[in-house]
Each structure stands twice: as structure tokens, then as C-alpha cells.
>>> print(open('query37.cif').read())   # mmCIF, C-alpha atoms
data_data
loop_
_atom_site.label_atom_id
_atom_site.label_comp_id
_atom_site.auth_asym_id
_atom_site.auth_seq_id
_atom_site.Cartn_x
_atom_site.Cartn_y
_atom_site.Cartn_z
CA MET A 11 0.00 0.00 0.00
CA ASN A 12 1.36 3.42 -0.85
CA GLN A 13 0.90 6.68 0.99
CA SER A 14 -1.83 7.90 -1.37
CA ASN A 15 -4.17 5.25 0.05
CA GLN A 16 -4.34 7.07 3.36
CA VAL A 17 -7.22 9.46 3.99
CA LEU A 18 -6.77 11.86 6.89
CA ILE A 19 -10.08 12.66 8.56
CA GLY A 20 -10.42 16.22 9.85
CA LYS A 21 -12.97 19.01 10.14
CA LYS A 22 -14.55 18.85 6.69
CA PRO A 23 -18.04 17.42 6.12
CA LEU A 24 -18.41 13.65 6.22
CA MET A 25 -19.17 13.28 2.52
CA ASN A 26 -15.87 14.90 1.48
CA TYR A 27 -14.01 11.97 3.00
CA VAL A 28 -16.45 9.41 1.63
CA VAL A 29 -15.86 10.80 -1.87
CA ALA A 30 -12.09 10.82 -1.33
CA CYS A 31 -12.22 7.10 -0.47
CA LEU A 32 -14.49 6.26 -3.40
CA THR A 33 -12.06 8.06 -5.72
CA ILE A 34 -9.16 5.93 -4.47
CA PHE A 35 -11.15 2.70 -4.82
CA ASN A 36 -12.12 3.73 -8.36
CA GLN A 37 -8.42 3.94 -9.26
CA LYS A 38 -8.32 0.15 -8.99
CA GLU A 39 -6.90 0.28 -5.48
CA ASN A 40 -8.42 -2.27 -3.12
CA GLU A 41 -7.28 -0.82 0.19
CA VAL A 42 -7.78 2.51 1.97
CA THR A 43 -6.66 3.52 5.45
CA LEU A 44 -8.64 6.13 7.35
CA ARG A 45 -6.66 8.02 9.96
CA ALA A 46 -8.12 10.42 12.53
CA ARG A 47 -7.27 11.90 15.88
CA GLY A 48 -9.15 13.48 18.77
CA ASN A 49 -12.77 14.34 18.12
CA SER A 50 -12.50 13.31 14.46
CA ILE A 51 -12.28 9.66 15.51
CA SER A 52 -16.09 9.40 15.51
CA LYS A 53 -16.16 10.77 11.98
CA ALA A 54 -13.66 8.16 10.78
CA VAL A 55 -16.00 5.42 12.01
CA ASP A 56 -18.95 7.17 10.31
CA VAL A 57 -17.01 7.30 7.02
CA ALA A 58 -16.15 3.60 7.24
CA GLU A 59 -19.75 2.63 8.03
CA MET A 60 -21.21 4.81 5.29
CA LEU A 61 -18.83 3.33 2.70
CA ARG A 62 -19.61 -0.18 3.84
CA ARG A 63 -23.37 0.19 4.12
CA THR A 64 -24.20 2.50 1.25
CA PHE A 65 -21.51 2.55 -1.41
CA ILE A 66 -19.36 -0.58 -1.55
CA LYS A 67 -21.18 -3.74 -0.61
CA ASP A 68 -18.10 -5.97 -0.60
CA LEU A 69 -16.02 -3.74 1.66
CA ASN A 70 -14.45 -5.25 4.76
CA VAL A 71 -12.91 -3.70 7.84
CA LYS A 72 -9.54 -5.42 7.74
CA SER A 73 -8.11 -3.93 10.93
CA ILE A 74 -8.62 -1.15 13.43
CA THR A 75 -5.83 0.15 15.61
CA ILE A 76 -5.87 2.82 18.29
CA GLY A 77 -3.00 4.68 19.88
CA SER A 78 -1.77 8.01 21.19
CA GLU A 79 0.33 10.81 19.76
CA GLU A 80 2.18 13.51 21.63
CA LEU A 81 1.31 17.05 20.65
CA GLU A 82 3.13 20.23 21.68
CA ARG A 83 0.90 22.67 23.48
CA LEU A 84 0.88 26.30 22.45
CA GLU A 85 1.40 27.26 26.10
CA GLY A 86 4.35 24.85 26.42
CA GLY A 87 4.62 21.23 27.44
CA THR A 88 3.00 18.31 25.67
CA THR A 89 -0.38 16.63 25.65
CA ASN A 90 -1.56 13.27 24.35
CA VAL A 91 -4.19 12.87 21.70
CA SER A 92 -5.84 9.57 20.76
CA ILE A 93 -5.65 8.31 17.19
CA ILE A 94 -7.42 5.63 15.20
CA GLU A 95 -6.53 3.90 11.96
CA VAL A 96 -9.21 1.96 10.10
CA ASN A 97 -7.98 -0.23 7.27
CA LEU A 98 -10.65 -0.98 4.67
CA ARG A 99 -10.29 -3.59 1.96
CA LYS A 100 -12.44 -4.50 -1.01
CA LYS A 101 -12.99 -8.23 -1.45
CA MET B 1 -17.62 -12.38 30.25
CA ASN B 2 -20.80 -11.22 31.92
CA GLN B 3 -22.84 -8.11 31.21
CA SER B 4 -21.37 -6.17 34.15
CA ASN B 5 -18.06 -6.00 32.28
CA GLN B 6 -19.54 -3.64 29.73
CA VAL B 7 -19.07 0.10 30.19
CA LEU B 8 -21.35 2.31 28.13
CA ILE B 9 -19.63 5.57 27.19
CA GLY B 10 -21.90 8.62 27.07
CA LYS B 11 -21.91 12.29 27.94
CA LYS B 12 -20.22 12.20 31.34
CA PRO B 13 -16.62 13.37 31.88
CA LEU B 14 -13.86 11.05 30.69
CA MET B 15 -12.61 10.19 34.16
CA ASN B 16 -16.00 8.82 35.25
CA TYR B 17 -15.61 6.03 32.70
CA VAL B 18 -11.94 5.46 33.52
CA VAL B 19 -12.88 4.98 37.18
CA ALA B 20 -15.75 2.65 36.21
CA CYS B 21 -13.28 0.46 34.30
CA LEU B 22 -10.71 0.49 37.09
CA THR B 23 -13.41 -0.58 39.53
CA ILE B 24 -14.28 -3.58 37.37
CA PHE B 25 -10.62 -4.57 36.96
CA ASN B 26 -10.16 -4.31 40.74
CA GLN B 27 -12.93 -6.88 41.21
CA LYS B 28 -10.51 -9.46 39.79
CA GLU B 29 -12.08 -9.25 36.35
CA ASN B 30 -9.54 -9.28 33.53
CA GLU B 31 -11.76 -8.05 30.70
CA VAL B 32 -13.80 -4.90 30.07
CA THR B 33 -15.72 -3.90 26.95
CA LEU B 34 -16.22 -0.22 26.19
CA ARG B 35 -19.24 0.53 24.05
CA ALA B 36 -20.07 3.92 22.53
CA ARG B 37 -22.08 5.39 19.70
CA GLY B 38 -22.06 8.59 17.65
CA ASN B 39 -19.90 11.38 18.96
CA SER B 40 -18.98 9.39 22.09
CA ILE B 41 -16.84 7.07 19.97
CA SER B 42 -13.85 9.41 20.34
CA LYS B 43 -14.29 9.33 24.09
CA ALA B 44 -14.27 5.52 24.15
CA VAL B 45 -10.85 5.58 22.44
CA ASP B 46 -9.65 8.21 24.93
CA VAL B 47 -10.76 6.03 27.85
CA ALA B 48 -8.96 2.99 26.41
CA GLU B 49 -5.76 4.95 25.81
CA MET B 50 -5.81 6.59 29.23
CA LEU B 51 -6.28 3.22 30.96
CA ARG B 52 -3.51 1.66 28.92
CA ARG B 53 -1.01 4.51 29.20
CA THR B 54 -1.59 5.77 32.71
CA PHE B 55 -3.28 3.22 34.92
CA ILE B 56 -2.78 -0.40 33.85
CA LYS B 57 0.56 -1.05 32.22
CA ASP B 58 -0.23 -4.63 31.16
CA LEU B 59 -3.53 -3.80 29.46
CA ASN B 60 -4.05 -4.96 25.87
CA VAL B 61 -6.60 -3.97 23.28
CA LYS B 62 -7.94 -7.41 22.42
CA SER B 63 -10.36 -6.40 19.70
CA ILE B 64 -12.12 -3.40 18.24
CA THR B 65 -15.31 -3.70 16.24
CA ILE B 66 -17.37 -1.03 14.51
CA GLY B 67 -20.90 -1.17 13.21
CA SER B 68 -24.18 0.67 12.84
CA GLU B 69 -27.41 0.77 14.77
CA GLU B 70 -30.79 1.95 13.58
CA LEU B 71 -32.42 4.65 15.68
CA GLU B 72 -35.98 5.93 15.42
CA ARG B 73 -36.16 9.63 14.75
CA LEU B 74 -38.47 11.81 16.80
CA GLU B 75 -39.91 13.23 13.58
CA GLY B 76 -40.51 9.73 12.17
CA GLY B 77 -38.38 7.39 10.08
CA THR B 78 -35.06 5.94 11.10
CA THR B 79 -31.44 7.01 11.04
CA ASN B 80 -28.20 5.10 11.39
CA VAL B 81 -25.69 5.77 14.11
CA SER B 82 -22.17 4.31 14.21
CA ILE B 83 -21.05 2.25 17.18
CA ILE B 84 -17.72 0.99 18.47
CA GLU B 85 -16.84 -1.77 20.90
CA VAL B 86 -13.36 -1.88 22.39
CA ASN B 87 -12.47 -5.04 24.25
CA LEU B 88 -9.69 -4.57 26.81
CA ARG B 89 -7.89 -7.41 28.53
CA LYS B 90 -5.36 -7.50 31.33
CA LYS B 91 -2.41 -9.80 30.63
#
>>> encode(input="query37.cif", output="C-alpha cells")
Amino acid sequence: MNQSNQVLIGKKPLMNYVVACLTIFNQKENEVTLRARGNSISKAVDVAEMLRRTFIKDLNVKSITIGSEELERLEGGTTNVSIIEVNLRKK
Amino acid sequence: MNQSNQVLIGKKPLMNYVVACLTIFNQKENEVTLRARGNSISKAVDVAEMLRRTFIKDLNVKSITIGSEELERLEGGTTNVSIIEVNLRKK
């Protein structure tokens, strides 16, 4: 899998990310990884479920991993933010 | 695993759920399942990461599953909401 198969989930509307994933799958790729952190984690799950339920019937959740990343605070010091990676694969 | 090992993540502060999990683990249970839906999904991941990083060093994420649930709308009809289940196990 190359880097272009990763979709970073952020503040944009849900459907932007769904379309981004569909575009990758339409380029004959069969794998996409959704990556999100903090409050966007819920949106990553929504994107995966919408793809699976509505758009690509033979889409499987291959793996889900969670973890933490250290961020530098503006006021100094560091804080931890949770991350999720959802790996989707077409059968 | 019995039903009491499930912690439903909702609108309360993060630490409430962390304490709920710690309480279960202290009752000699070695497994807890976090369950959340919609926007609380991010919080479920935060709870898992905080337990793993800060409180229980030998805690593993055994499995993570995502899915959808149908909800009835107040104005009629149904809508789908994403859910996550994070299964945590002490080594």
C-alpha cells in the first residue's frame, strides 16, 4: 500500500471523506486507510460505516488500531491525543 | 464475560468512565468492553488509551469492532448511528 491510500479525517463534512475514499477505490486500489485523531475519531467510524453500508457492498474492515500521539501545546509542554486507523479492503 | 463488564460511554466526563473500568478490573475481572455510539466514539478511544497509558501497564486492546445501529427519529423514520466496541484485557 502506498501513501496515497491514506485518507486523513479532519474538520470537513463527512461526505468529502467518503468521496475521497471512493475516488481511491475507483483507481483500482483495493485498500484505503482512514486516519483520525481526537474528536474526528467518531467521523472516521462514520465514514467507514457509510462506505460499507451505502456505497461498496463488498467492503471489509480489515483492521482497526488505536494509539496516542504527543502534541506540543501552544502554552508549552505536551499533551496526548488519541488516534485511530481503520484499514478498509475491497474483497 | 458477563454483562457487568460492559461500560457504556456517554456524555459524562472522561474520568468517570476510567474509574468505572478500574473498579471492574479491581474486582478481579480481567476483561472490560467499552461501548459507545455517535460522537462518544472518540471518548471511548480516549478512555482505552488513558487506561492503557496511565493506569494499567499490562492492558491490551484485544479487539475493536465497529458497526451501525438503527435509531428511530423523533420526527418519524429511522437514522443510522455508528457504534464501536473496544475489548480490553489485562495480561
>>> resolve_selection(input="query37.cif", expression="the PyMOL selection byres ((chain A and resi 21) around 12)", output="list in words")
Leu18, Ile19, Gly20, Lys22, Pro23, Leu24, Met25, Asn26, Tyr27, Ala46, Arg47, Gly48, Asn49, Ser50, Ile51, Ser52, Lys53 and Ala54 of chain A
>>> closest_residue(input="query37.cif", among="A:Leu69, A:Leu81, A:Leu44, A:Ile94", to="chain B", atoms="only C-alpha atoms")
A:Ile94
>>> resolve_selection(input="query37.cif", expression="the PyMOL selection byres ((chain B) within 12 of (chain A))", output="ChimeraX atom specification")
/B:36-54,60-69,79-88
>>> write_last_selection(input="query37.cif", atoms="C-alpha atoms", output="PDB file, in the frame of the given file")
ATOM      1  CA  ALA B  36     -20.070   3.920  22.530  1.00  0.00           C
ATOM      2  CA  ARG B  37     -22.080   5.390  19.700  1.00  0.00           C
ATOM      3  CA  GLY B  38     -22.060   8.590  17.650  1.00  0.00           C
ATOM      4  CA  ASN B  39     -19.900  11.380  18.960  1.00  0.00           C
ATOM      5  CA  SER B  40     -18.980   9.390  22.090  1.00  0.00           C
ATOM      6  CA  ILE B  41     -16.840   7.070  19.970  1.00  0.00           C
ATOM      7  CA  SER B  42     -13.850   9.410  20.340  1.00  0.00           C
ATOM      8  CA  LYS B  43     -14.290   9.330  24.090  1.00  0.00           C
ATOM      9  CA  ALA B  44     -14.270   5.520  24.150  1.00  0.00           C
ATOM     10  CA  VAL B  45     -10.850   5.580  22.440  1.00  0.00           C
ATOM     11  CA  ASP B  46      -9.650   8.210  24.930  1.00  0.00           C
ATOM     12  CA  VAL B  47     -10.760   6.030  27.850  1.00  0.00           C
ATOM     13  CA  ALA B  48      -8.960   2.990  26.410  1.00  0.00           C
ATOM     14  CA  GLU B  49      -5.760   4.950  25.810  1.00  0.00           C
ATOM     15  CA  MET B  50      -5.810   6.590  29.230  1.00  0.00           C
ATOM     16  CA  LEU B  51      -6.280   3.220  30.960  1.00  0.00           C
ATOM     17  CA  ARG B  52      -3.510   1.660  28.920  1.00  0.00           C
ATOM     18  CA  ARG B  53      -1.010   4.510  29.200  1.00  0.00           C
ATOM     19  CA  THR B  54      -1.590   5.770  32.710  1.00  0.00           C
ATOM     20  CA  ASN B  60      -4.050  -4.960  25.870  1.00  0.00           C
ATOM     21  CA  VAL B  61      -6.600  -3.970  23.280  1.00  0.00           C
ATOM     22  CA  LYS B  62      -7.940  -7.410  22.420  1.00  0.00           C
ATOM     23  CA  SER B  63     -10.360  -6.400  19.700  1.00  0.00           C
ATOM     24  CA  ILE B  64     -12.120  -3.400  18.240  1.00  0.00           C
ATOM     25  CA  THR B  65     -15.310  -3.700  16.240  1.00  0.00           C
ATOM     26  CA  ILE B  66     -17.370  -1.030  14.510  1.00  0.00           C
ATOM     27  CA  GLY B  67     -20.900  -1.170  13.210  1.00  0.00           C
ATOM     28  CA  SER B  68     -24.180   0.670  12.840  1.00  0.00           C
ATOM     29  CA  GLU B  69     -27.410   0.770  14.770  1.00  0.00           C
ATOM     30  CA  THR B  79     -31.440   7.010  11.040  1.00  0.00           C
ATOM     31  CA  ASN B  80     -28.200   5.100  11.390  1.00  0.00           C
ATOM     32  CA  VAL B  81     -25.690   5.770  14.110  1.00  0.00           C
ATOM     33  CA  SER B  82     -22.170   4.310  14.210  1.00  0.00           C
ATOM     34  CA  ILE B  83     -21.050   2.250  17.180  1.00  0.00           C
ATOM     35  CA  ILE B  84     -17.720   0.990  18.470  1.00  0.00           C
ATOM     36  CA  GLU B  85     -16.840  -1.770  20.900  1.00  0.00           C
ATOM     37  CA  VAL B  86     -13.360  -1.880  22.390  1.00  0.00           C
ATOM     38  CA  ASN B  87     -12.470  -5.040  24.250  1.00  0.00           C
ATOM     39  CA  LEU B  88      -9.690  -4.570  26.810  1.00  0.00           C
TER      40      LEU B  88
END
>>> residues_around(input="query37.cif", residues="Glu31 in chain B", least_positions_apart="3", cutoff="7 Å", atoms="all atoms listed in the file", output="ChimeraX atom specification")
/B:5,88-90
>>> closest_residue(input="query37.cif", among="A:Gly87, A:Glu82, A:Val17, A:Ile66", to="Asn36 in chain A", atoms="only C-alpha atoms")
A:Ile66
>>> atom_distance(input="query37.cif", atom1="CA of Glu70 in chain B", atom2="CA of Lys101 in chain A")
25.4 Å
>>> build_atoms(input="query37.cif", residues="range 30-48 of chain B", atoms="N, CA, C and O atoms", output="compact mmCIF listing (two decimals), in the coordinates of the input")
# COMPACT_ATOMS: atom_id res chain seq x y z
N ASN B 30 -10.67 -9.63 34.39
CA ASN B 30 -9.54 -9.28 33.53
C ASN B 30 -9.97 -8.80 32.14
O ASN B 30 -9.14 -8.65 31.26
N GLU B 31 -11.27 -8.55 31.98
CA GLU B 31 -11.76 -8.05 30.70
C GLU B 31 -12.83 -6.98 30.89
O GLU B 31 -13.71 -7.13 31.75
N VAL B 32 -12.76 -5.93 30.09
CA VAL B 32 -13.80 -4.90 30.07
C VAL B 32 -14.08 -4.53 28.62
O VAL B 32 -13.15 -4.45 27.81
N THR B 33 -15.36 -4.37 28.29
CA THR B 33 -15.72 -3.90 26.95
C THR B 33 -16.31 -2.50 27.04
O THR B 33 -17.26 -2.26 27.77
N LEU B 34 -15.69 -1.58 26.30
CA LEU B 34 -16.22 -0.22 26.19
C LEU B 34 -17.14 -0.19 24.98
O LEU B 34 -16.80 -0.71 23.92
N ARG B 35 -18.30 0.42 25.16
CA ARG B 35 -19.24 0.53 24.05
C ARG B 35 -19.71 1.98 23.93
O ARG B 35 -20.07 2.59 24.94
N ALA B 36 -19.67 2.52 22.72
CA ALA B 36 -20.07 3.92 22.53
C ALA B 36 -20.72 4.07 21.17
O ALA B 36 -20.49 3.26 20.26
N ARG B 37 -21.53 5.12 21.03
CA ARG B 37 -22.08 5.39 19.70
C ARG B 37 -22.04 6.89 19.39
O ARG B 37 -21.97 7.71 20.30
N GLY B 38 -22.07 7.19 18.10
CA GLY B 38 -22.06 8.59 17.65
C GLY B 38 -20.82 9.32 18.11
O GLY B 38 -19.71 8.80 18.04
N ASN B 39 -21.03 10.54 18.60
CA ASN B 39 -19.90 11.38 18.96
C ASN B 39 -19.13 10.88 20.18
O ASN B 39 -18.03 11.36 20.45
N SER B 40 -19.70 9.93 20.93
CA SER B 40 -18.98 9.39 22.09
C SER B 40 -17.90 8.39 21.69
O SER B 40 -17.13 7.96 22.55
N ILE B 41 -17.84 8.04 20.41
CA ILE B 41 -16.84 7.07 19.97
C ILE B 41 -15.43 7.56 20.28
O ILE B 41 -14.58 6.81 20.76
N SER B 42 -15.18 8.85 20.04
CA SER B 42 -13.85 9.41 20.34
C SER B 42 -13.52 9.24 21.81
O SER B 42 -12.38 8.94 22.18
N LYS B 43 -14.52 9.44 22.65
CA LYS B 43 -14.29 9.33 24.09
C LYS B 43 -13.95 7.90 24.51
O LYS B 43 -13.13 7.67 25.40
N ALA B 44 -14.57 6.93 23.84
CA ALA B 44 -14.27 5.52 24.15
C ALA B 44 -12.79 5.23 23.88
O ALA B 44 -12.12 4.54 24.66
N VAL B 45 -12.27 5.78 22.77
CA VAL B 45 -10.85 5.58 22.44
C VAL B 45 -9.97 6.29 23.47
O VAL B 45 -8.95 5.75 23.92
N ASP B 46 -10.39 7.49 23.89
CA ASP B 46 -9.65 8.21 24.93
C ASP B 46 -9.60 7.42 26.23
O ASP B 46 -8.55 7.36 26.89
N VAL B 47 -10.72 6.82 26.61
CA VAL B 47 -10.76 6.03 27.85
C VAL B 47 -9.80 4.85 27.74
O VAL B 47 -9.00 4.58 28.66
N ALA B 48 -9.85 4.15 26.61
CA ALA B 48 -8.96 2.99 26.41
C ALA B 48 -7.49 3.40 26.49
O ALA B 48 -6.68 2.75 27.15
